[in-house]
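Below is one structure, written out as structure tokens; the observations come after it.
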Amino acid sequence: MIIAVDGPAASGKGTLAAALGQHFNLPHLDTGLLYRAVGLEVKAHIDAPDVEARATRAAELLDTTGLDPEFLLGAEVGILASKVAVFPGVRKALFAAQRDFATQTSGAVLDGRDIGTVIAPDADAKLFIVAEPEIRADRRARQLEARGQTVDRAKLLADIEARDARDKAAPHGGFHPADDAVLLDTTNLDIEAAITAAIAEVEAAI
Ligand code: C5P
């Protein structure tokens with residue numbers, strides 16, 4: 001069984017995907033970590049003219065096992081990730097690792113932006129998670145605060161909106177829900193309610 005969980009930045013898709021993995025006993029991959037690792041790798045060159053070639057090379061060489069979220073989950077790395085994610089060579093280089101994860105015999109849950117459309121169009125269940133940007137900024141703020149980081153909520157919201165805009169305008173056509181994805185709006189749901197809803201949607205799909 002493959003479960004695809006897509007959605008914009010800080011929509012709660014990572015939390016939901018992890019919970020689905022636990023519930024259905026499937027391994028879970030947060031594919032944003034791959035793009036974040038590439039972004040961080042080329043941080044010093046992010047505005048250089050050769051950043052595309054550097055990022056593509058970094059993606060080709062990336063060791064996709066054992067990526068440490070501790071160094072990758074900050075807002076700044078998210079922006080670097082969304083800058084390198086527009087490069088077709090980067091997306092191509094990261095495809096195989098994601099596809100391999102999705103098709104392992106145990107089944108899998110993957111969360112990202114294009115799991116249901118590109119990585120696993122054959123997924124058994126596809127969720128597309130949405131929530132208002134303000135709610136997403138609040139959630140991300142709480143997440144970072146829980147890690148002991150100081151946060152500027154206004155900046156977080158601006159970052160999320162900038163990332164939404166970049167993700168929408170990406171040359172590959174932007175991210176959109178698969179035709180057969182179920183939209184789940186978590187704006188007015190707490191974590192428990194969102195998890196219950198996500199499990200119900202997957203059960204209805206399989
Ligand atoms: O989901 P997360 O916030 O960790 O993703 C960081 C960035 O990586 C996104 O803004 C997006 O540009 C990119 N990304 C992507 N495709 C994915 C996952 C993330 O392009 N499957």
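If you're wondering about the labels, chains in the structure tokens are A, B, ... by order shown, residues count from 1 in each chain, ligands from 1 in order shown.
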Step by step, measure atom-to-atom distances between ligand 1 and each residue using only C-alpha atoms and all ligand atoms, keep those at most 7 Å, then write them as a PyMOL selection string. chain A and resi 8-10+31-33+35-36+73+78-79+81-83+85-86+111-115+163+167
Could those selected residues go to a file with C-alpha atoms, as a PDB file, in the first residue's frame?
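Result written to out-v5.pdb:
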ATOM      1  CA  PRO A   8       1.819  23.364   1.047  1.00  0.00           C
ATOM      2  CA  ALA A   9       4.398  24.396   3.649  1.00  0.00           C
ATOM      3  CA  ALA A  10       3.394  23.786   7.271  1.00  0.00           C
ATOM      4  CA  THR A  31      10.448  14.161   1.015  1.00  0.00           C
ATOM      5  CA  GLY A  32      10.892  17.840   1.941  1.00  0.00           C
ATOM      6  CA  LEU A  33      14.009  16.753   3.822  1.00  0.00           C
ATOM      7  CA  TYR A  35      15.095  19.224  -0.978  1.00  0.00           C
ATOM      8  CA  ARG A  36      16.129  20.836   2.302  1.00  0.00           C
ATOM      9  CA  LEU A  73      13.661  21.890   9.592  1.00  0.00           C
ATOM     10  CA  GLY A  78      12.832  25.769   3.824  1.00  0.00           C
ATOM     11  CA  ILE A  79      13.438  28.821   1.667  1.00  0.00           C
ATOM     12  CA  ALA A  81      14.819  24.147  -0.405  1.00  0.00           C
ATOM     13  CA  SER A  82      12.100  25.932  -2.383  1.00  0.00           C
ATOM     14  CA  LYS A  83      14.784  27.739  -4.415  1.00  0.00           C
ATOM     15  CA  ALA A  85      13.293  22.602  -5.902  1.00  0.00           C
ATOM     16  CA  VAL A  86      12.501  24.578  -9.087  1.00  0.00           C
ATOM     17  CA  ASP A 111       4.648  13.380   2.187  1.00  0.00           C
ATOM     18  CA  GLY A 112       5.643  16.230  -0.091  1.00  0.00           C
ATOM     19  CA  ARG A 113       4.294  18.313  -2.966  1.00  0.00           C
ATOM     20  CA  ASP A 114       4.125  15.960  -5.944  1.00  0.00           C
ATOM     21  CA  ILE A 115       3.823  12.487  -4.450  1.00  0.00           C
ATOM     22  CA  ARG A 163       7.277  29.782  -0.417  1.00  0.00           C
ATOM     23  CA  ASP A 167       5.974  26.651  -5.305  1.00  0.00           C
TER      24      ASP A 167
END
Gly7 in chain A surroundings by only C-alpha atoms, 9 Å radius, close-in-sequence under 5 positions cut, as JSON, numbers by chain: {"A": [12, 13, 111, 112, 113, 114, 127, 128, 129, 130, 131, 175, 176, 177]}
Can you check which residues of range 81-160 of chain A DSSP gives as helix (DSSP H, G or I) on the backbone and send them as a short mmCIF file (atom, residue, chain, number, x, y, z; two decimals) with C-alpha atoms, in the first residue's frame?
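Result written to result.cif:
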data_model
loop_
_atom_site.label_atom_id
_atom_site.label_comp_id
_atom_site.auth_asym_id
_atom_site.auth_seq_id
_atom_site.Cartn_x
_atom_site.Cartn_y
_atom_site.Cartn_z
CA ALA A 81 14.82 24.15 -0.41
CA SER A 82 12.10 25.93 -2.38
CA LYS A 83 14.78 27.74 -4.42
CA VAL A 84 16.56 24.54 -5.47
CA PRO A 88 14.44 20.14 -13.13
CA GLY A 89 17.81 18.41 -12.62
CA VAL A 90 17.32 18.44 -8.86
CA ARG A 91 13.80 17.00 -9.13
CA LYS A 92 15.03 14.34 -11.55
CA ALA A 93 17.95 13.36 -9.31
CA LEU A 94 15.68 13.01 -6.26
CA PHE A 95 13.01 11.03 -8.13
CA ALA A 96 14.65 7.59 -7.90
CA ALA A 97 15.17 7.65 -4.13
CA GLN A 98 11.53 8.68 -3.60
CA ARG A 99 10.19 6.12 -6.08
CA ASP A 100 12.29 3.36 -4.48
CA PHE A 101 10.95 4.29 -1.06
CA ALA A 102 7.38 4.31 -2.35
CA ILE A 115 3.82 12.49 -4.45
CA GLY A 116 0.32 11.83 -5.79
CA THR A 117 1.03 13.40 -9.19
CA VAL A 118 4.66 12.51 -10.05
CA ILE A 119 6.35 10.17 -7.56
CA PRO A 133 -1.57 30.54 5.85
CA GLU A 134 -2.03 32.21 9.29
CA ILE A 135 -2.83 28.87 10.90
CA ARG A 136 0.14 27.29 9.18
CA ALA A 137 2.44 30.05 10.45
CA ASP A 138 1.13 29.55 14.01
CA ARG A 139 1.70 25.82 13.84
CA ARG A 140 5.22 26.21 12.46
CA ALA A 141 5.95 28.78 15.19
CA ARG A 142 4.87 26.37 17.91
CA GLN A 143 6.92 23.60 16.32
CA LEU A 144 10.06 25.75 16.27
CA GLU A 145 9.43 27.08 19.79
CA ALA A 146 9.15 23.50 21.02
CA ARG A 153 5.59 35.01 13.61
CA ALA A 154 5.22 37.81 11.07
CA LYS A 155 8.39 36.68 9.34
CA LEU A 156 7.25 33.05 9.42
CA LEU A 157 3.98 34.04 7.73
CA ALA A 158 5.85 36.07 5.12
CA ASP A 159 8.20 33.12 4.51
CA ILE A 160 5.27 30.71 4.11
#
Any chance you could list, as a PyMOL selection string, the residues in range 15-165 of chain A that come up strand (DSSP E) when DSSP is run on the backbone? chain A and resi 28-30+108-112+125-130
Write a file of the selected residues as a tab-separated table (two decimals), in the first residue's frame, keeping N, CA and C atoms.
chain	number	residue	atom	x	y	z
A	28	HIS	N	7.69	5.83	6.73
A	28	HIS	CA	7.30	7.18	6.30
A	28	HIS	C	8.53	7.96	5.83
A	29	LEU	N	8.39	8.62	4.69
A	29	LEU	CA	9.46	9.52	4.21
A	29	LEU	C	8.91	10.93	4.05
A	30	ASP	N	9.56	11.88	4.73
A	30	ASP	CA	9.28	13.31	4.54
A	30	ASP	C	10.18	13.77	3.39
A	108	ALA	N	4.42	2.13	1.87
A	108	ALA	CA	5.04	3.33	2.42
A	108	ALA	C	4.06	4.51	2.44
A	109	VAL	N	4.40	5.47	3.30
A	109	VAL	CA	3.72	6.76	3.30
A	109	VAL	C	4.76	7.81	2.94
A	110	LEU	N	4.46	8.65	1.95
A	110	LEU	CA	5.38	9.74	1.61
A	110	LEU	C	4.62	11.05	1.69
A	111	ASP	N	5.28	12.07	2.25
A	111	ASP	CA	4.65	13.38	2.19
A	111	ASP	C	5.54	14.34	1.44
A	112	GLY	N	4.89	15.28	0.72
A	112	GLY	CA	5.64	16.23	-0.09
A	112	GLY	C	4.72	17.15	-0.87
A	125	ALA	N	-3.91	5.60	-1.84
A	125	ALA	CA	-4.68	6.68	-1.21
A	125	ALA	C	-3.88	7.97	-1.35
A	126	LYS	N	-4.57	9.04	-1.73
A	126	LYS	CA	-3.91	10.34	-1.93
A	126	LYS	C	-4.65	11.41	-1.14
A	127	LEU	N	-3.93	12.06	-0.26
A	127	LEU	CA	-4.52	13.18	0.48
A	127	LEU	C	-3.80	14.45	0.08
A	128	PHE	N	-4.55	15.55	-0.03
A	128	PHE	CA	-3.94	16.85	-0.26
A	128	PHE	C	-4.39	17.74	0.91
A	129	ILE	N	-3.43	18.11	1.75
A	129	ILE	CA	-3.74	18.81	3.00
A	129	ILE	C	-3.64	20.32	2.79
A	130	VAL	N	-4.67	21.04	3.17
A	130	VAL	CA	-4.61	22.51	3.08
A	130	VAL	C	-4.99	23.13	4.42
Rank nothing, just name the residue among A:Arg166, A:His45, A:Ala120, A:Thr150 nearest to Ala178 in chain A, using only C-alpha atoms.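 The answer is A:Ala120, which sits nearest to Ala178 in chain A.
Of the residues listed (A:Ile2, A:Ala37, A:Ala169, A:Ala198), A:Ala37 shows the shortest atom-to-atom separation from Thr64 in chain A; distances use only C-alpha atoms.
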With distances taken over only C-alpha atoms, the candidate from A:Glu60, A:Gly74, A:Pro49, A:Glu201 nearest Val182 in chain A is A:Glu201
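For the pair CA of Ile3 in chain A and CA of Pro69 in chain A, the interatomic distance is 21.3 Å.
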For CA of Val38 in chain A and CA of Asp68 in chain A, determine how far apart the two atoms are, in Å to one decimal place.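 We find that CA of Val38 in chain A and CA of Asp68 in chain A lie 12.7 Å from each other.
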For each of A:Phe87, A:Ala75, A:Ala4, A:Thr105, take the minimum atom-to-atom distance to Thr56 in chain A, counting only C-alpha atoms, then give the residue where this is smallest. A:Phe87
Which is closer to Asp185 in chain A than all the others in A:Glu161, A:Asp50, A:Glu41, A:Asp6, using only C-alpha atoms?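 Of the candidates, the smallest distance to Asp185 in chain A is held by A:Asp6.
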